[in-house]
$ cat run34.txt   # compact mmCIF, C-alpha atoms (C1' of nucleotides)
# COMPACT_ATOMS: atom_id res chain seq x y z
CA MET A 112 -53.05 2.66 -68.07
CA THR A 113 -55.74 1.82 -65.55
CA ALA A 114 -57.51 4.17 -63.23
CA GLN A 115 -55.80 2.54 -60.30
CA GLU A 116 -52.34 3.07 -61.69
CA THR A 117 -53.18 6.64 -62.56
CA SER A 118 -54.52 7.59 -59.21
CA GLU A 119 -51.76 5.87 -57.31
CA THR A 120 -48.72 6.94 -59.24
CA LEU A 121 -49.50 10.24 -60.87
CA SER A 122 -51.64 11.93 -58.30
CA PRO A 123 -51.80 12.18 -54.57
CA ARG A 124 -53.52 9.39 -52.68
CA ILE A 125 -56.25 11.38 -51.08
CA GLY A 126 -58.64 8.50 -50.45
CA ALA A 127 -57.35 7.61 -47.02
CA SER A 128 -57.27 11.16 -45.75
CA LEU A 129 -60.75 11.87 -47.07
CA LEU A 130 -62.04 8.75 -45.39
CA GLU A 131 -60.44 9.81 -42.16
CA ALA A 132 -61.88 13.30 -42.48
CA ARG A 133 -65.33 11.87 -43.09
CA LYS A 134 -65.08 9.57 -40.08
CA ARG A 135 -63.89 12.46 -38.00
CA ALA A 136 -66.91 14.49 -39.09
CA GLY A 137 -69.14 11.55 -38.23
CA PHE A 138 -70.69 11.33 -41.69
CA SER A 139 -71.85 8.26 -43.56
CA LEU A 140 -71.46 8.13 -47.31
CA ASP A 141 -75.15 8.92 -47.70
CA GLU A 142 -74.90 11.88 -45.39
CA LEU A 143 -71.80 13.24 -47.08
CA ALA A 144 -73.46 12.74 -50.45
CA ARG A 145 -76.37 14.90 -49.33
CA GLN A 146 -74.14 17.57 -47.81
CA SER A 147 -71.70 17.80 -50.66
CA GLY A 148 -73.89 17.08 -53.65
CA VAL A 149 -71.50 14.35 -54.77
CA SER A 150 -73.02 10.94 -55.35
CA LYS A 151 -72.11 8.33 -52.82
CA SER A 152 -70.94 5.94 -55.50
CA ILE A 153 -68.24 8.38 -56.42
CA LEU A 154 -67.45 9.05 -52.79
CA SER A 155 -66.90 5.36 -52.25
CA GLN A 156 -64.61 5.11 -55.25
CA ILE A 157 -62.63 8.17 -54.32
CA GLU A 158 -62.01 6.94 -50.80
CA ARG A 159 -60.60 3.70 -52.19
CA ASP A 160 -58.52 5.51 -54.84
CA ARG A 161 -60.37 3.73 -57.60
CA THR A 162 -61.09 6.89 -59.53
CA ASN A 163 -59.38 10.13 -60.30
CA PRO A 164 -61.76 12.86 -59.18
CA THR A 165 -62.12 16.27 -60.75
CA LEU A 166 -61.17 19.39 -58.88
CA ALA A 167 -64.79 20.41 -58.51
CA THR A 168 -65.66 17.12 -56.85
CA VAL A 169 -62.80 17.30 -54.38
CA TRP A 170 -63.69 20.90 -53.73
CA ARG A 171 -67.27 20.13 -52.82
CA ILE A 172 -66.29 17.22 -50.60
CA CYS A 173 -63.79 19.33 -48.71
CA ALA A 174 -66.32 22.10 -48.32
CA ALA A 175 -68.89 19.72 -46.84
CA LEU A 176 -66.31 18.24 -44.49
CA GLU A 177 -64.86 21.64 -43.64
CA HIS A 178 -61.57 20.06 -44.49
CA PRO A 179 -58.92 22.39 -45.94
CA PRO A 180 -58.10 21.13 -49.45
CA GLU A 181 -54.45 22.05 -49.13
CA ALA A 182 -54.16 19.45 -46.36
CA LEU A 183 -54.57 16.82 -49.08
CA PHE A 184 -51.26 17.75 -50.59
CA ARG A 185 -47.88 17.06 -49.15
CA ALA A 186 -45.09 18.72 -51.07
CA GLY A 187 -42.65 21.56 -51.00
CA VAL A 188 -38.90 21.21 -51.02
CA VAL A 189 -37.35 24.57 -51.77
CA GLU A 190 -33.68 25.39 -51.99
CA LYS A 191 -32.19 28.84 -51.97
CA PRO A 192 -29.36 30.13 -54.13
CA ALA A 193 -26.24 32.05 -53.19
CA GLY A 194 -24.56 34.99 -54.91
CA ILE A 195 -26.62 37.22 -57.14
CA VAL A 196 -29.19 36.00 -59.61
CA ALA A 197 -29.87 38.29 -62.56
CA VAL A 198 -33.08 38.26 -64.58
CA SER A 199 -32.93 40.11 -67.89
CA ALA A 200 -35.73 42.36 -69.04
CA ASN A 201 -36.99 40.07 -71.78
CA ALA A 202 -36.83 37.08 -69.45
CA THR A 203 -39.38 38.79 -67.25
CA PRO A 204 -42.75 37.18 -67.93
CA GLU A 205 -45.69 39.37 -68.88
CA VAL A 206 -49.43 38.92 -68.62
CA ARG A 207 -51.95 41.02 -70.49
CA SER A 208 -55.48 41.97 -69.59
CA GLU A 209 -58.37 40.83 -71.76
CA ASP A 210 -58.67 44.17 -73.50
CA GLY A 211 -54.96 44.06 -74.27
CA LEU A 212 -54.42 47.53 -72.83
CA CYS A 213 -52.96 46.51 -69.49
CA CYS A 214 -49.68 44.71 -68.98
CA LEU A 215 -48.40 43.03 -65.82
CA ARG A 216 -44.70 42.25 -65.69
CA ILE A 217 -44.10 39.57 -63.09
CA LEU A 218 -41.12 40.66 -61.01
CA GLY A 219 -41.45 38.42 -57.96
CA ALA A 220 -39.36 35.29 -57.61
CA ILE A 221 -41.03 31.91 -57.87
CA GLU A 222 -39.92 30.91 -54.36
CA THR A 223 -42.11 33.56 -52.80
CA VAL A 224 -45.19 32.85 -54.88
CA GLU A 225 -47.07 31.67 -51.81
CA SER A 226 -46.52 34.63 -49.55
CA VAL A 227 -45.92 37.67 -51.71
CA GLN A 228 -45.85 38.52 -55.37
CA TRP A 229 -45.14 41.78 -57.14
CA TYR A 230 -45.57 43.30 -60.54
CA GLU A 231 -44.97 46.33 -62.66
CA PHE A 232 -48.34 47.42 -63.94
CA ALA A 233 -48.82 49.46 -67.10
CA ALA A 234 -52.15 50.56 -68.56
CA GLU A 235 -52.93 52.46 -71.72
CA PRO A 236 -55.75 55.04 -71.52
CA GLY A 237 -59.03 53.17 -71.14
CA GLY A 238 -57.27 50.00 -70.05
CA LEU A 239 -59.12 47.84 -67.57
CA LEU A 240 -57.85 44.96 -65.44
CA ASP A 241 -60.43 42.74 -63.78
CA SER A 242 -59.12 40.33 -61.18
CA ALA A 243 -60.84 37.53 -59.34
CA ALA A 244 -60.62 37.23 -55.57
CA HIS A 245 -57.32 35.97 -54.21
CA GLY A 246 -56.81 33.85 -51.14
CA ALA A 247 -58.09 34.52 -47.67
CA GLY A 248 -56.33 37.40 -45.99
CA SER A 249 -54.66 38.61 -49.13
CA MET A 250 -54.05 42.31 -49.70
CA GLU A 251 -53.05 44.30 -52.73
CA HIS A 252 -50.91 47.44 -52.61
CA LEU A 253 -50.83 49.70 -55.63
CA THR A 254 -48.36 52.56 -55.84
CA VAL A 255 -48.88 54.78 -58.86
CA THR A 256 -45.73 56.07 -60.49
CA GLU A 257 -47.18 57.71 -63.59
CA GLY A 258 -50.63 58.84 -64.75
CA ARG A 259 -53.78 58.13 -62.78
CA LEU A 260 -55.46 54.86 -61.85
CA THR A 261 -58.86 54.11 -60.37
CA VAL A 262 -59.37 51.08 -58.19
CA THR A 263 -62.69 49.47 -57.28
CA ALA A 264 -62.57 46.95 -54.47
CA ASN A 265 -64.77 45.96 -51.56
CA GLY A 266 -67.50 48.23 -52.84
CA GLU A 267 -65.33 51.30 -52.76
CA THR A 268 -63.75 53.27 -55.60
CA ARG A 269 -60.71 55.52 -55.30
CA THR A 270 -58.33 57.24 -57.66
CA ALA A 271 -54.62 57.72 -57.15
CA GLY A 272 -51.94 59.75 -58.89
CA PRO A 273 -48.13 59.61 -58.90
CA GLY A 274 -46.63 58.73 -55.54
CA GLU A 275 -49.91 57.68 -54.02
CA THR A 276 -50.58 54.19 -52.71
CA LEU A 277 -53.87 52.31 -52.45
CA ARG A 278 -54.24 49.28 -50.18
CA TYR A 279 -57.23 46.95 -50.28
CA ALA A 280 -58.20 43.42 -49.33
CA THR A 281 -58.64 41.07 -52.27
CA ALA A 282 -60.09 38.05 -50.50
CA GLU A 283 -63.75 38.98 -50.94
CA GLY A 284 -64.91 39.36 -54.49
CA GLY A 285 -63.14 40.66 -57.54
CA HIS A 286 -61.47 44.01 -57.93
CA ARG A 287 -60.84 46.28 -60.83
CA ILE A 288 -58.18 48.71 -61.92
CA VAL A 289 -58.97 51.27 -64.63
CA ASN A 290 -56.92 53.91 -66.34
CA ASP A 291 -59.64 56.46 -67.01
CA GLY A 292 -57.17 59.23 -67.71
CA GLU A 293 -55.87 60.50 -71.02
CA THR A 294 -52.29 59.30 -70.61
CA PRO A 295 -50.67 55.92 -70.03
CA ALA A 296 -50.35 54.95 -66.39
CA ARG A 297 -47.78 52.88 -64.56
CA ALA A 298 -47.76 51.47 -61.08
CA LEU A 299 -46.10 49.02 -58.76
CA MET A 300 -48.39 46.28 -57.52
CA VAL A 301 -47.59 44.12 -54.51
CA CYS A 302 -49.85 41.24 -53.47
CA THR A 303 -49.43 39.75 -50.03
CA LEU A 304 -51.09 36.78 -48.43
CA MET B 298 -75.32 22.41 -65.88
CA THR B 299 -72.58 23.40 -68.26
CA ALA B 300 -68.88 22.98 -67.79
CA GLN B 301 -68.49 26.69 -67.52
CA GLU B 302 -70.99 27.01 -64.73
CA THR B 303 -69.44 24.11 -62.91
CA SER B 304 -65.92 25.39 -63.04
CA GLU B 305 -66.85 28.91 -62.15
CA THR B 306 -69.26 28.36 -59.33
CA LEU B 307 -68.49 25.01 -57.77
CA SER B 308 -64.75 24.85 -57.89
CA PRO B 309 -61.84 27.20 -57.51
CA ARG B 310 -60.88 29.31 -60.50
CA ILE B 311 -57.39 28.06 -61.02
CA GLY B 312 -56.98 29.02 -64.65
CA ALA B 313 -55.52 32.44 -64.08
CA SER B 314 -53.07 31.33 -61.45
CA LEU B 315 -51.89 28.40 -63.54
CA LEU B 316 -51.41 30.73 -66.49
CA GLU B 317 -49.38 33.04 -64.34
CA ALA B 318 -47.32 30.17 -62.95
CA ARG B 319 -46.61 28.97 -66.45
CA LYS B 320 -45.54 32.43 -67.59
CA ARG B 321 -43.33 32.73 -64.58
CA ALA B 322 -41.70 29.41 -65.36
CA GLY B 323 -41.18 30.63 -68.92
CA PHE B 324 -43.02 27.71 -70.51
CA SER B 325 -45.13 27.68 -73.65
CA LEU B 326 -48.13 25.39 -73.81
CA ASP B 327 -46.14 22.97 -75.93
CA GLU B 328 -43.28 22.95 -73.50
CA LEU B 329 -45.49 22.48 -70.49
CA ALA B 330 -47.32 19.70 -72.32
CA ARG B 331 -44.04 17.88 -72.81
CA GLN B 332 -42.87 18.43 -69.25
CA SER B 333 -46.13 17.51 -67.58
CA GLY B 334 -47.51 14.87 -69.91
CA VAL B 335 -50.78 16.78 -70.16
CA SER B 336 -51.93 17.63 -73.67
CA LYS B 337 -51.70 21.27 -74.59
CA SER B 338 -55.33 21.41 -75.65
CA ILE B 339 -56.32 20.58 -72.10
CA LEU B 340 -53.78 23.03 -70.75
CA SER B 341 -55.31 25.75 -72.87
CA GLN B 342 -58.81 24.91 -71.69
CA ILE B 343 -57.82 24.72 -68.04
CA GLU B 344 -56.14 28.09 -68.15
CA ARG B 345 -59.34 29.60 -69.52
CA ASP B 346 -61.53 27.78 -67.00
CA ARG B 347 -63.36 25.99 -69.80
CA THR B 348 -62.97 22.58 -68.24
CA ASN B 349 -62.97 21.03 -64.83
CA PRO B 350 -59.69 19.17 -64.56
CA THR B 351 -59.07 16.00 -62.61
CA LEU B 352 -56.75 15.96 -59.63
CA ALA B 353 -54.16 13.93 -61.50
CA THR B 354 -54.04 16.53 -64.26
CA VAL B 355 -53.64 19.42 -61.88
CA TRP B 356 -51.06 17.45 -59.96
CA ARG B 357 -48.91 16.83 -63.00
CA ILE B 358 -49.13 20.44 -64.11
CA CYS B 359 -48.10 21.71 -60.71
CA ALA B 360 -45.24 19.24 -60.58
CA ALA B 361 -43.92 20.39 -63.94
CA LEU B 362 -44.23 24.05 -62.92
CA GLU B 363 -42.81 23.42 -59.47
CA HIS B 364 -45.87 25.25 -58.30
CA PRO B 365 -47.24 24.20 -54.89
CA PRO B 366 -50.75 22.80 -55.48
CA GLU B 367 -52.02 24.17 -52.21
CA ALA B 368 -51.51 27.66 -53.63
CA LEU B 369 -54.45 26.92 -55.93
CA PHE B 370 -56.80 26.34 -53.04
CA ARG B 371 -57.41 29.72 -51.59
CA ALA B 372 -61.09 29.99 -50.77
CA GLY B 373 -62.38 32.44 -48.29
CA VAL B 374 -63.08 31.17 -44.78
CA VAL B 375 -61.54 34.21 -43.13
CA GLU B 376 -62.92 37.71 -43.05
CA LYS B 377 -60.90 40.80 -43.79
CA PRO B 378 -61.20 44.56 -43.36
CA ALA B 379 -63.08 46.09 -46.26
CA GLY B 380 -62.64 49.29 -48.21
CA ILE B 381 -59.59 50.93 -49.69
CA VAL B 382 -56.89 52.72 -47.75
CA ALA B 383 -55.16 55.57 -49.58
CA VAL B 384 -51.71 56.88 -48.71
CA SER B 385 -50.81 60.24 -50.24
CA ALA B 386 -47.42 60.90 -51.77
CA ASN B 387 -46.19 63.18 -49.02
CA ALA B 388 -47.40 60.80 -46.34
CA THR B 389 -45.01 58.19 -47.69
CA PRO B 390 -41.95 58.09 -45.43
CA GLU B 391 -38.51 58.52 -46.96
CA VAL B 392 -35.05 57.49 -45.86
CA ARG B 393 -31.81 58.91 -47.22
CA SER B 394 -28.39 57.32 -47.50
CA GLU B 395 -25.42 58.80 -45.64
CA ASP B 396 -24.11 60.55 -48.71
CA GLY B 397 -27.51 62.08 -49.29
CA LEU B 398 -27.60 60.88 -52.89
CA CYS B 399 -29.90 57.89 -52.44
CA CYS B 400 -33.51 58.00 -51.38
CA LEU B 401 -35.71 55.13 -50.22
CA ARG B 402 -39.45 55.73 -50.18
CA ILE B 403 -41.10 53.19 -47.91
CA LEU B 404 -44.12 51.83 -49.74
CA GLY B 405 -44.88 48.68 -47.74
CA ALA B 406 -47.59 48.66 -45.14
CA ILE B 407 -46.70 48.50 -41.46
CA GLU B 408 -48.62 45.23 -41.03
CA THR B 409 -46.31 43.32 -43.33
CA VAL B 410 -43.05 44.70 -41.97
CA GLU B 411 -42.16 41.32 -40.46
CA SER B 412 -42.43 39.30 -43.63
CA VAL B 413 -41.94 41.65 -46.54
CA GLN B 414 -41.11 45.28 -47.10
CA TRP B 415 -40.75 47.26 -50.29
CA TYR B 416 -39.35 50.57 -51.43
CA GLU B 417 -38.90 52.85 -54.34
CA PHE B 418 -35.20 53.46 -54.64
CA ALA B 419 -33.70 56.52 -56.31
CA ALA B 420 -30.00 57.30 -56.61
CA GLU B 421 -28.23 60.30 -58.07
CA PRO B 422 -25.02 59.59 -60.04
CA GLY B 423 -22.34 58.45 -57.62
CA GLY B 424 -24.89 57.62 -54.94
CA LEU B 425 -24.08 54.71 -52.66
CA LEU B 426 -26.28 52.77 -50.25
CA ASP B 427 -24.60 50.50 -47.71
CA SER B 428 -26.85 48.12 -45.80
CA ALA B 429 -26.15 45.82 -42.90
CA ALA B 430 -27.18 42.17 -42.97
CA HIS B 431 -30.84 41.43 -42.48
CA GLY B 432 -32.40 38.40 -40.77
CA ALA B 433 -31.72 34.78 -41.64
CA GLY B 434 -33.21 33.68 -44.93
CA SER B 435 -33.91 37.18 -46.11
CA MET B 436 -33.62 38.08 -49.75
CA GLU B 437 -33.55 41.34 -51.60
CA HIS B 438 -34.97 41.82 -55.10
CA LEU B 439 -33.99 44.90 -57.07
CA THR B 440 -35.72 45.74 -60.34
CA VAL B 441 -34.17 48.67 -62.16
CA THR B 442 -36.60 50.99 -63.90
CA GLU B 443 -34.25 53.78 -64.95
CA GLY B 444 -30.48 54.21 -65.31
CA ARG B 445 -28.01 51.58 -64.13
CA LEU B 446 -27.24 50.19 -60.70
CA THR B 447 -24.44 47.98 -59.43
CA VAL B 448 -25.00 45.61 -56.55
CA THR B 449 -22.36 43.91 -54.43
CA ALA B 450 -23.55 41.05 -52.23
CA ASN B 451 -22.28 37.65 -51.17
CA GLY B 452 -18.90 38.41 -52.71
CA GLU B 453 -20.40 38.99 -56.14
CA THR B 454 -20.90 42.21 -58.08
CA ARG B 455 -23.39 42.68 -60.89
CA THR B 456 -24.84 45.58 -62.83
CA ALA B 457 -28.41 45.90 -64.06
CA GLY B 458 -30.20 48.26 -66.44
CA PRO B 459 -33.88 49.08 -67.02
CA GLY B 460 -36.17 46.07 -66.75
CA GLU B 461 -33.55 43.84 -65.21
CA THR B 462 -33.89 42.28 -61.78
CA LEU B 463 -31.18 41.23 -59.35
CA ARG B 464 -31.91 38.83 -56.49
CA TYR B 465 -29.51 38.18 -53.64
CA ALA B 466 -29.52 36.86 -50.10
CA THR B 467 -28.96 39.52 -47.47
CA ALA B 468 -28.57 37.32 -44.41
CA GLU B 469 -24.79 36.97 -44.61
CA GLY B 470 -22.87 40.21 -44.40
CA GLY B 471 -23.69 43.66 -45.70
CA HIS B 472 -24.52 44.59 -49.25
CA ARG B 473 -24.06 47.68 -51.34
CA ILE B 474 -25.90 49.43 -54.14
CA VAL B 475 -24.09 52.00 -56.26
CA ASN B 476 -25.16 54.23 -59.11
CA ASP B 477 -21.90 54.40 -61.03
CA GLY B 478 -23.57 55.73 -64.15
CA GLU B 479 -23.88 59.28 -65.41
CA THR B 480 -27.63 59.59 -64.97
CA PRO B 481 -30.03 59.26 -62.03
CA ALA B 482 -31.24 55.72 -61.41
CA ARG B 483 -34.48 54.40 -60.05
CA ALA B 484 -35.49 50.94 -58.93
CA LEU B 485 -38.02 48.91 -57.06
CA MET B 486 -36.63 47.12 -54.04
CA VAL B 487 -38.43 44.26 -52.31
CA CYS B 488 -37.09 42.66 -49.15
CA THR B 489 -38.57 39.33 -48.07
CA LEU B 490 -38.44 37.41 -44.83
C1' DA C 5 -45.32 40.75 -100.15
C1' DA C 6 -44.39 35.48 -99.04
C1' DC C 7 -42.39 32.41 -95.90
C1' DA C 8 -41.01 30.41 -91.56
C1' DT C 9 -41.37 29.68 -86.69
C1' DA C 10 -43.55 29.74 -82.45
C1' DT C 11 -47.39 30.31 -80.06
C1' DG C 12 -52.43 29.48 -78.58
C1' DT C 13 -57.25 27.59 -80.01
C1' DT C 14 -60.75 24.50 -81.95
C1' DC C 15 -62.23 20.00 -83.78
C1' DG C 16 -63.36 14.89 -83.60
C1' DT C 17 -62.73 10.68 -81.01
C1' DT C 18 -61.93 7.91 -77.01
C1' DA C 19 -61.63 7.06 -72.22
C1' DT C 20 -63.66 7.82 -67.91
C1' DA C 21 -65.82 10.53 -63.96
C1' DC C 22 -70.31 11.07 -62.53
C1' DG C 23 -75.15 10.12 -60.86
C1' DG C 24 -78.88 6.89 -59.87
C1' DA C 25 -80.55 2.35 -59.03
C1' DA C 26 -79.67 -2.09 -57.79
C1' DT C 27 -76.95 -5.00 -54.97
C1' DA C 28 -74.22 -6.54 -51.32
C1' DT C 29 -72.74 -6.50 -46.20
C1' DC C 30 -73.43 -6.19 -41.43
C1' DA C 31 -75.50 -4.79 -37.35
C1' DG C 32 -79.27 -5.49 -33.70
C1' DA C 33 -84.10 -7.14 -32.45
C1' DA C 34 -88.25 -10.28 -32.62
C1' DT D 46 -83.45 -18.08 -38.13
C1' DT D 47 -85.97 -13.90 -40.48
C1' DC D 48 -86.83 -9.14 -40.31
C1' DT D 49 -85.47 -4.76 -40.29
C1' DG D 50 -82.45 -0.48 -40.79
C1' DA D 51 -78.15 1.46 -41.88
C1' DT D 52 -74.08 1.00 -44.04
C1' DA D 53 -70.86 0.45 -48.19
C1' DT D 54 -70.14 -1.41 -53.03
C1' DT D 55 -71.14 -2.55 -57.94
C1' DC D 56 -73.69 -1.96 -62.35
C1' DC D 57 -74.98 0.92 -66.23
C1' DG D 58 -76.19 5.11 -69.12
C1' DT D 59 -74.67 9.67 -69.87
C1' DA D 60 -71.97 13.73 -69.66
C1' DT D 61 -67.48 15.31 -70.21
C1' DA D 62 -62.24 15.39 -69.44
C1' DA D 63 -58.55 14.00 -72.05
C1' DC D 64 -55.86 13.35 -76.25
C1' DG D 65 -53.99 14.19 -81.04
C1' DA D 66 -54.38 16.72 -85.10
C1' DA D 67 -55.89 20.40 -87.67
C1' DC D 68 -56.48 25.14 -87.51
C1' DA D 69 -55.58 29.92 -86.20
C1' DT D 70 -52.66 33.82 -84.70
C1' DA D 71 -49.17 36.26 -84.13
C1' DT D 72 -44.04 37.74 -84.79
C1' DG D 73 -40.04 37.86 -87.13
C1' DT D 74 -37.09 36.90 -91.75
C1' DT D 75 -35.76 36.84 -96.50

$ encode --input "run34.txt" --output "C-alpha cells"
Amino acid sequence: MTAQETSETLSPRIGASLLEARKRAGFSLDELARQSGVSKSILSQIERDRTNPTLATVWRICAALEHPPEALFRAGVVEKPAGIVAVSANATPEVRSEDGLCCLRILGAIETVESVQWYEFAAEPGGLLDSAAHGAGSMEHLTVTEGRLTVTANGETRTAGPGETLRYATAEGGHRIVNDGETPARALMVCTL
Amino acid sequence: MTAQETSETLSPRIGASLLEARKRAGFSLDELARQSGVSKSILSQIERDRTNPTLATVWRICAALEHPPEALFRAGVVEKPAGIVAVSANATPEVRSEDGLCCLRILGAIETVESVQWYEFAAEPGGLLDSAAHGAGSMEHLTVTEGRLTVTANGETRTAGPGETLRYATAEGGHRIVNDGETPARALMVCTL
DNA sequence: AACATATGTTCGTTATACGGAATATCAGAA
DNA sequence: TTCTGATATTCCGTATAACGAACATATGTT
C-alpha cells in the first residue's frame, strides 16, 4: 500500500484545507515552516496529500495557522434510539487510577461524549486521581456521597464531605482528587464542556 | 528530543481519552485492533502516550470506536473562571414528589440548566415520580445505586437494580419512576438536552 | 496447586515521516 | 536574454511509527 493510497482512502484529506488555511493566513511554506517548526518539505508533502502526517505535526501546523484542528474533520452521524435501553452493572466500563486505589465507572452514554460525561467515583483511603486538562470551557462537578475527598484545581484546594459539591474549571492545567481520609470515599462526577 | 517529550509537549495528550473511549465501547486491545486495522501494540503505546501517532492511525481508531475525532482536539484558546466553588449539603435544593415519598436533590449547576441537569434521586418504598415530557431530543439516564426502581417511558417498562443504568427519551409523553420494592432506593439521574 | 483464557506490554524488524540541502519553477528588473 | 529574489518541489540520511510475535499479567476453572 502506497502513501498516496493510505492518505487518500484511510484518512481525511487535509491537504487542501491546510493549503487554503495557509493562503488565508498569507504564509509561504518557508514562513509557515519557521512559525510552526515543521520543515517546509513536509509541509509541501502534506498539502499535496503525499504523506500521512503525525498528530504532533498537524497540531503544530494548526497552532501556527491559528486554525482549529477539529475543522479538518468532517464526520458525525448520530441516531437516537426509542424505548428504554438498559445497561447492566458489569457492562458498565471502569477505569482505574495509576495507584489502583481509585475507580471511575463510566455511566454516561456514548452519544453525549462531546458535551457531557458522568461517572461514579470511588477511592480507597490514600487513593489519588490525577487528571490532565480537558477541553476549553470544561467544568467538573464532584458531589461526595460517602467519606471525604480533597480536590486541587486552579491552584486551590478544598475538601468536601457527604452531600457537598465542588465545581471547578478543568481547562487550565491538571487537577487532582485525593481521599486523604481513613475510610473509602464515593462521589458522583459530572464533566461538562 | 524523545518521543515522550514530543507527545507530551507538542501534541495533544489523546491517550487517556482514547483509552476511555475504548472502555466505553467495551473493546479489548485485540478487538479494537481487529476492528480498526491498527496493531494492538501501537494501540497500547498510543493509549499510554508513548508514541506520536499518524493521522491515519488516529482516524481508523476513531472510526472503529465511533468516537468523533474532533473530541480529541481540545486545546485551550479560551479562558475560564479559576478556583473551586463549594456547595454545602444544605445549600443543595431539593424537590419532592406529590406523594412525598420521592426526593430529588438538584446537583447540577445553574449555568448548565439549558443543556444538562442532574439529580440524586431517593425513593421510599411505594414512592412514585411522574414527570411531564421534556424538550425535543431530551434523554434521561438513571443509574441505580441502591434498591430497585421501575421506569415506564415510551410505552416500555423496565426494572433496574444497583449498578444498572436505564436510558430513555423523554421528549414524547410523560414518564414514571416507581420504587415497587420493599427497601428505599437511590439513583443518579441525568437529563440531557 | 496447575491449567486455560483473556487481557495488556515489550521486543525485533520494516516501512516511512521528518529535517536539511539541493533542485526546480516563476516572477519582475536591468 | 541574464540576473536576481521568492516561491515550491525533490533527494537523501536519520529518527521513529507501525507491525507481528513473543512475553507478561491477571482472572477464573478443574

$ atom_distance --input "run34.txt" --atom1 "atom CA of B:Ala466" --atom2 "atom CA of B:Ala484"
17.7 Å

$ closest_residue --input "run34.txt" --among "C:DC15, C:DA21, C:DA6, C:DA31" --to "D:DT52" --atoms "all atoms listed in the file"
C:DA31

$ interface_residues --input "run34.txt" --of "chain C" --to "chain B" --cutoff "12 Å" --atoms "all atoms listed in the file" --output "list in words"
DA10, DT11, DG12, DT13, DT14, DC15, DT20 and DA21 of chain C

$ calpha_fit_rmsd --input "run34.txt" --fixed "chain B" --moving "chain A"
14.0 Å

$ residues_near_point --input "run34.txt" --point "(-45.1, 33.7, -64.9)" --cutoff "10 Å" --atoms "all atoms listed in the file" --output "MDAnalysis selection string"
(chainID A and resid 203:206 215:221) or (chainID B and resid 314:324 362)

$ build_atoms --input "run34.txt" --residues "stretch 465-476 of chain B" --atoms "N, CA, C and O atoms" --output "PDB file, keeping the file's coordinate frame"
ATOM      1  N   TYR B 465     -30.666  38.592 -54.418  1.00  0.00           N
ATOM      2  CA  TYR B 465     -29.510  38.180 -53.640  1.00  0.00           C
ATOM      3  C   TYR B 465     -29.902  38.033 -52.180  1.00  0.00           C
ATOM      4  O   TYR B 465     -30.752  38.756 -51.667  1.00  0.00           O
ATOM      5  N   ALA B 466     -29.276  37.063 -51.525  1.00  0.00           N
ATOM      6  CA  ALA B 466     -29.520  36.860 -50.100  1.00  0.00           C
ATOM      7  C   ALA B 466     -28.852  37.980 -49.317  1.00  0.00           C
ATOM      8  O   ALA B 466     -27.772  38.445 -49.670  1.00  0.00           O
ATOM      9  N   THR B 467     -29.510  38.406 -48.250  1.00  0.00           N
ATOM     10  CA  THR B 467     -28.960  39.520 -47.470  1.00  0.00           C
ATOM     11  C   THR B 467     -28.733  39.103 -46.025  1.00  0.00           C
ATOM     12  O   THR B 467     -28.539  39.946 -45.156  1.00  0.00           O
ATOM     13  N   ALA B 468     -28.741  37.789 -45.778  1.00  0.00           N
ATOM     14  CA  ALA B 468     -28.570  37.320 -44.410  1.00  0.00           C
ATOM     15  C   ALA B 468     -27.104  37.371 -43.986  1.00  0.00           C
ATOM     16  O   ALA B 468     -26.779  37.695 -42.849  1.00  0.00           O
ATOM     17  N   GLU B 469     -26.222  37.058 -44.936  1.00  0.00           N
ATOM     18  CA  GLU B 469     -24.790  36.970 -44.610  1.00  0.00           C
ATOM     19  C   GLU B 469     -24.068  38.236 -45.042  1.00  0.00           C
ATOM     20  O   GLU B 469     -23.844  38.451 -46.205  1.00  0.00           O
ATOM     21  N   GLY B 470     -23.684  39.040 -44.093  1.00  0.00           N
ATOM     22  CA  GLY B 470     -22.870  40.210 -44.400  1.00  0.00           C
ATOM     23  C   GLY B 470     -23.653  41.333 -45.061  1.00  0.00           C
ATOM     24  O   GLY B 470     -24.796  41.159 -45.478  1.00  0.00           O
ATOM     25  N   GLY B 471     -23.026  42.486 -45.140  1.00  0.00           N
ATOM     26  CA  GLY B 471     -23.690  43.660 -45.700  1.00  0.00           C
ATOM     27  C   GLY B 471     -23.730  43.588 -47.211  1.00  0.00           C
ATOM     28  O   GLY B 471     -23.150  42.720 -47.839  1.00  0.00           O
ATOM     29  N   HIS B 472     -24.459  44.528 -47.793  1.00  0.00           N
ATOM     30  CA  HIS B 472     -24.520  44.590 -49.250  1.00  0.00           C
ATOM     31  C   HIS B 472     -24.547  46.060 -49.641  1.00  0.00           C
ATOM     32  O   HIS B 472     -24.857  46.930 -48.833  1.00  0.00           O
ATOM     33  N   ARG B 473     -24.268  46.313 -50.886  1.00  0.00           N
ATOM     34  CA  ARG B 473     -24.060  47.680 -51.340  1.00  0.00           C
ATOM     35  C   ARG B 473     -24.702  47.890 -52.698  1.00  0.00           C
ATOM     36  O   ARG B 473     -24.610  47.036 -53.568  1.00  0.00           O
ATOM     37  N   ILE B 474     -25.341  49.057 -52.844  1.00  0.00           N
ATOM     38  CA  ILE B 474     -25.900  49.430 -54.140  1.00  0.00           C
ATOM     39  C   ILE B 474     -25.272  50.751 -54.553  1.00  0.00           C
ATOM     40  O   ILE B 474     -25.246  51.703 -53.764  1.00  0.00           O
ATOM     41  N   VAL B 475     -24.769  50.810 -55.772  1.00  0.00           N
ATOM     42  CA  VAL B 475     -24.090  52.000 -56.260  1.00  0.00           C
ATOM     43  C   VAL B 475     -24.662  52.413 -57.610  1.00  0.00           C
ATOM     44  O   VAL B 475     -24.925  51.558 -58.456  1.00  0.00           O
ATOM     45  N   ASN B 476     -24.855  53.702 -57.781  1.00  0.00           N
ATOM     46  CA  ASN B 476     -25.160  54.230 -59.110  1.00  0.00           C
ATOM     47  C   ASN B 476     -23.869  54.773 -59.695  1.00  0.00           C
ATOM     48  O   ASN B 476     -23.500  55.922 -59.446  1.00  0.00           O
TER      49      ASN B 476
END
